[in-house]
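Note: the block below is entry_28.pdb and it holds PDB, C-alpha atoms, pLDDT in the B column.
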```pdb
ATOM      1  CA  MET A   1       6.623  29.151 -32.036  1.00 45.00           C
ATOM      2  CA  ASP A   2       5.624  32.819 -32.305  1.00 46.00           C
ATOM      3  CA  MET A   3       1.788  32.930 -32.457  1.00 46.00           C
ATOM      4  CA  ASN A   4       1.891  36.276 -34.258  1.00 43.00           C
ATOM      5  CA  LYS A   5       3.945  34.796 -37.089  1.00 55.00           C
ATOM      6  CA  ARG A   6       1.992  35.080 -40.349  1.00 57.00           C
ATOM      7  CA  LYS A   7       1.329  31.820 -42.162  1.00 76.00           C
ATOM      8  CA  ASP A   8       0.531  31.291 -45.834  1.00 85.00           C
ATOM      9  CA  THR A   9      -2.994  30.317 -46.809  1.00 87.00           C
ATOM     10  CA  ILE A  10      -3.403  26.721 -47.949  1.00 88.00           C
ATOM     11  CA  PRO A  11      -4.198  26.825 -51.680  1.00 89.00           C
ATOM     12  CA  GLU A  12      -7.746  25.683 -52.518  1.00 87.00           C
ATOM     13  CA  HIS A  13      -6.333  23.332 -55.184  1.00 90.00           C
ATOM     14  CA  PHE A  14      -2.873  22.228 -56.259  1.00 93.00           C
ATOM     15  CA  ASN A  15      -2.184  21.764 -59.977  1.00 94.00           C
ATOM     16  CA  SER A  16      -0.012  18.706 -59.384  1.00 93.00           C
ATOM     17  CA  ALA A  17       1.303  16.400 -56.700  1.00 93.00           C
ATOM     18  CA  GLU A  18       4.673  18.123 -57.108  1.00 93.00           C
ATOM     19  CA  GLU A  19       3.106  21.518 -56.360  1.00 94.00           C
ATOM     20  CA  ALA A  20       1.437  20.124 -53.234  1.00 93.00           C
ATOM     21  CA  GLY A  21       4.719  18.520 -52.209  1.00 93.00           C
ATOM     22  CA  GLU A  22       6.590  21.807 -52.600  1.00 93.00           C
ATOM     23  CA  PHE A  23       4.027  23.583 -50.419  1.00 92.00           C
ATOM     24  CA  TRP A  24       4.097  20.966 -47.648  1.00 93.00           C
ATOM     25  CA  ASP A  25       7.889  20.626 -47.815  1.00 94.00           C
ATOM     26  CA  SER A  26       8.110  24.223 -46.648  1.00 91.00           C
ATOM     27  CA  HIS A  27       5.076  24.334 -44.320  1.00 92.00           C
ATOM     28  CA  SER A  28       4.151  22.377 -41.203  1.00 90.00           C
ATOM     29  CA  ALA A  29       0.710  20.752 -41.095  1.00 88.00           C
ATOM     30  CA  GLY A  30       0.800  21.440 -37.360  1.00 89.00           C
ATOM     31  CA  ASN A  31       0.315  25.117 -38.125  1.00 90.00           C
ATOM     32  CA  TYR A  32      -2.846  24.396 -40.112  1.00 89.00           C
ATOM     33  CA  TRP A  33      -4.828  21.934 -37.926  1.00 89.00           C
ATOM     34  CA  ASP A  34      -7.583  24.486 -37.394  1.00 88.00           C
ATOM     35  CA  GLU A  35      -8.092  24.785 -41.189  1.00 86.00           C
ATOM     36  CA  MET A  36      -8.106  21.078 -41.993  1.00 86.00           C
ATOM     37  CA  GLU A  37     -11.150  18.887 -42.386  1.00 86.00           C
ATOM     38  CA  GLU A  38     -11.363  15.195 -41.710  1.00 89.00           C
ATOM     39  CA  GLU A  39     -11.686  13.086 -44.844  1.00 90.00           C
ATOM     40  CA  GLU A  40     -12.870   9.536 -45.187  1.00 93.00           C
ATOM     41  CA  MET A  41     -11.067   7.433 -47.781  1.00 92.00           C
ATOM     42  CA  GLU A  42     -11.211   3.883 -48.997  1.00 93.00           C
ATOM     43  CA  PHE A  43      -8.476   2.054 -50.841  1.00 90.00           C
ATOM     44  CA  ASP A  44      -8.949  -0.967 -53.059  1.00 91.00           C
ATOM     45  CA  ILE A  45      -5.469  -2.393 -53.360  1.00 90.00           C
ATOM     46  CA  GLN A  46      -5.387  -4.568 -56.465  1.00 91.00           C
ATOM     47  CA  LYS A  47      -1.680  -5.359 -56.552  1.00 88.00           C
ATOM     48  CA  ARG A  48       0.930  -6.031 -53.911  1.00 89.00           C
ATOM     49  CA  THR A  49       4.623  -5.444 -54.373  1.00 89.00           C
ATOM     50  CA  PHE A  50       7.224  -7.306 -52.373  1.00 92.00           C
ATOM     51  CA  LEU A  51      10.737  -5.999 -51.872  1.00 93.00           C
ATOM     52  CA  VAL A  52      13.256  -8.787 -52.231  1.00 94.00           C
ATOM     53  CA  PRO A  53      17.013  -8.300 -51.872  1.00 96.00           C
ATOM     54  CA  VAL A  54      18.881  -9.068 -55.089  1.00 95.00           C
ATOM     55  CA  ASP A  55      22.592  -9.725 -55.317  1.00 97.00           C
ATOM     56  CA  SER A  56      24.357  -6.741 -56.893  1.00 97.00           C
ATOM     57  CA  ARG A  57      25.839  -8.895 -59.678  1.00 97.00           C
ATOM     58  CA  ILE A  58      22.381 -10.124 -60.676  1.00 96.00           C
ATOM     59  CA  TYR A  59      21.005  -6.587 -60.488  1.00 97.00           C
ATOM     60  CA  GLN A  60      23.774  -5.267 -62.760  1.00 98.00           C
ATOM     61  CA  LEU A  61      23.107  -8.027 -65.305  1.00 97.00           C
ATOM     62  CA  ALA A  62      19.384  -7.266 -65.230  1.00 97.00           C
ATOM     63  CA  LYS A  63      20.091  -3.551 -65.562  1.00 97.00           C
ATOM     64  CA  LYS A  64      22.293  -4.122 -68.601  1.00 98.00           C
ATOM     65  CA  ARG A  65      19.594  -6.268 -70.254  1.00 97.00           C
ATOM     66  CA  ALA A  66      16.869  -3.746 -69.356  1.00 97.00           C
ATOM     67  CA  GLU A  67      18.817  -0.946 -71.034  1.00 97.00           C
ATOM     68  CA  ALA A  68      19.387  -3.064 -74.149  1.00 98.00           C
ATOM     69  CA  GLU A  69      15.686  -3.970 -74.362  1.00 97.00           C
ATOM     70  CA  HIS A  70      14.383  -0.512 -73.359  1.00 97.00           C
ATOM     71  CA  ARG A  71      12.581  -1.995 -70.375  1.00 97.00           C
ATOM     72  CA  THR A  72      12.824  -1.504 -66.629  1.00 97.00           C
ATOM     73  CA  VAL A  73      14.898  -3.683 -64.336  1.00 97.00           C
ATOM     74  CA  GLU A  74      11.658  -4.645 -62.585  1.00 95.00           C
ATOM     75  CA  GLN A  75      10.157  -5.883 -65.864  1.00 96.00           C
ATOM     76  CA  ILE A  76      13.264  -7.928 -66.678  1.00 97.00           C
ATOM     77  CA  ILE A  77      13.463  -9.562 -63.248  1.00 96.00           C
ATOM     78  CA  ASN A  78       9.721 -10.281 -63.100  1.00 95.00           C
ATOM     79  CA  THR A  79       9.774 -11.832 -66.584  1.00 96.00           C
ATOM     80  CA  LEU A  80      12.780 -14.017 -65.790  1.00 95.00           C
ATOM     81  CA  LEU A  81      11.389 -15.152 -62.434  1.00 94.00           C
ATOM     82  CA  ASP A  82       7.978 -15.868 -63.902  1.00 95.00           C
ATOM     83  CA  ARG A  83       9.508 -17.899 -66.748  1.00 94.00           C
ATOM     84  CA  GLU A  84      11.757 -19.850 -64.366  1.00 92.00           C
ATOM     85  CA  LEU A  85       9.052 -20.518 -61.783  1.00 93.00           C
ATOM     86  CA  VAL A  86       6.534 -21.670 -64.399  1.00 89.00           C
ATOM     87  CA  LYS A  87       9.148 -24.132 -65.710  1.00 86.00           C
ATOM     88  CA  ALA A  88       9.650 -25.464 -62.185  1.00 80.00           C
ATOM     89  CA  LYS A  89       5.976 -26.435 -61.736  1.00 74.00           C
TER      90      LYS A  89
END
```

Starting from the file, lay out its structure as structure tokens.
Amino acid sequence: MDMNKRKDTIPEHFNSAEEAGEFWDSHSAGNYWDEMEEEEMEFDIQKRTFLVPVDSRIYQLAKKRAEAEHRTVEQIINTLLDRELVKAK
């Protein structure tokens, strides 16, 4: 890479995640290592999500119901599974 190539200044603050994404989509963090500071972060994960394959026929049925009930497919599938699994206890 040409060392004399001018790079944009990293904005002090971004107004949204989308704005930050647009900036970093067109800029390489590798060009800004000397301007970055190390940050310490902690995460308290309260909920886990598992990705489970669903047959396309079942997905389409859930999608149709979700649209009719103005809910998400995830909500429909979780409700149905919860109801069925509670019955099975």

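Nearest-residue note for Ile10 (chain A): choosing from A:His27, A:Lys89, A:Arg83, A:Arg65, the minimum distance belongs to A:His27, counting all atoms listed in the file.
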
Please evaluate the PyMOL selection byres ((chain A and resi 73) around 12) against the structure above and give the resulting residues as an NGL selection string. :A and (54 or 58-72 or 74-80)

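For the file at hand, the PyMOL selection byres ((chain A and resi 23) around 12) resolves to Lys7, Asp8, Thr9, Ile10, Pro11, His13, Phe14, Asn15, Ser16, Ala17, Glu18, Glu19, Ala20, Gly21, Glu22, Trp24, Asp25, Ser26, His27, Ser28 and Ala29 of chain A.
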
Selection to disk with C-alpha atoms, as a short mmCIF file (atom, residue, chain, number, x, y, z; two decimals), keeping the file's coordinate frame:
```cif
data_model
loop_
_atom_site.label_atom_id
_atom_site.label_comp_id
_atom_site.auth_asym_id
_atom_site.auth_seq_id
_atom_site.Cartn_x
_atom_site.Cartn_y
_atom_site.Cartn_z
CA LYS A 7 1.33 31.82 -42.16
CA ASP A 8 0.53 31.29 -45.83
CA THR A 9 -2.99 30.32 -46.81
CA ILE A 10 -3.40 26.72 -47.95
CA PRO A 11 -4.20 26.82 -51.68
CA HIS A 13 -6.33 23.33 -55.18
CA PHE A 14 -2.87 22.23 -56.26
CA ASN A 15 -2.18 21.76 -59.98
CA SER A 16 -0.01 18.71 -59.38
CA ALA A 17 1.30 16.40 -56.70
CA GLU A 18 4.67 18.12 -57.11
CA GLU A 19 3.11 21.52 -56.36
CA ALA A 20 1.44 20.12 -53.23
CA GLY A 21 4.72 18.52 -52.21
CA GLU A 22 6.59 21.81 -52.60
CA TRP A 24 4.10 20.97 -47.65
CA ASP A 25 7.89 20.63 -47.82
CA SER A 26 8.11 24.22 -46.65
CA HIS A 27 5.08 24.33 -44.32
CA SER A 28 4.15 22.38 -41.20
CA ALA A 29 0.71 20.75 -41.10
#
```

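Relative to CA of Lys87 (chain A), CA of Phe50 (chain A) is found at 21.6 Å.
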
Please return the centre and edge lengths, in Å to one decimal, of a box with edges along x, y and z that contains all listed atoms of region 55-74 of chain A, widened by 3 Å on every side, as JSON.
```
{"center_x": 18.7, "center_y": -5.3, "center_z": -64.8, "size_x": 20.2, "size_y": 15.6, "size_z": 25.0}
```

What gap, in Å, lies between CA of Glu12 (chain A) and CA of Met36 (chain A)? 11.5 Å

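Of note, CA of Arg57 (chain A) and CA of Asp82 (chain A) are spaced 19.6 Å apart.
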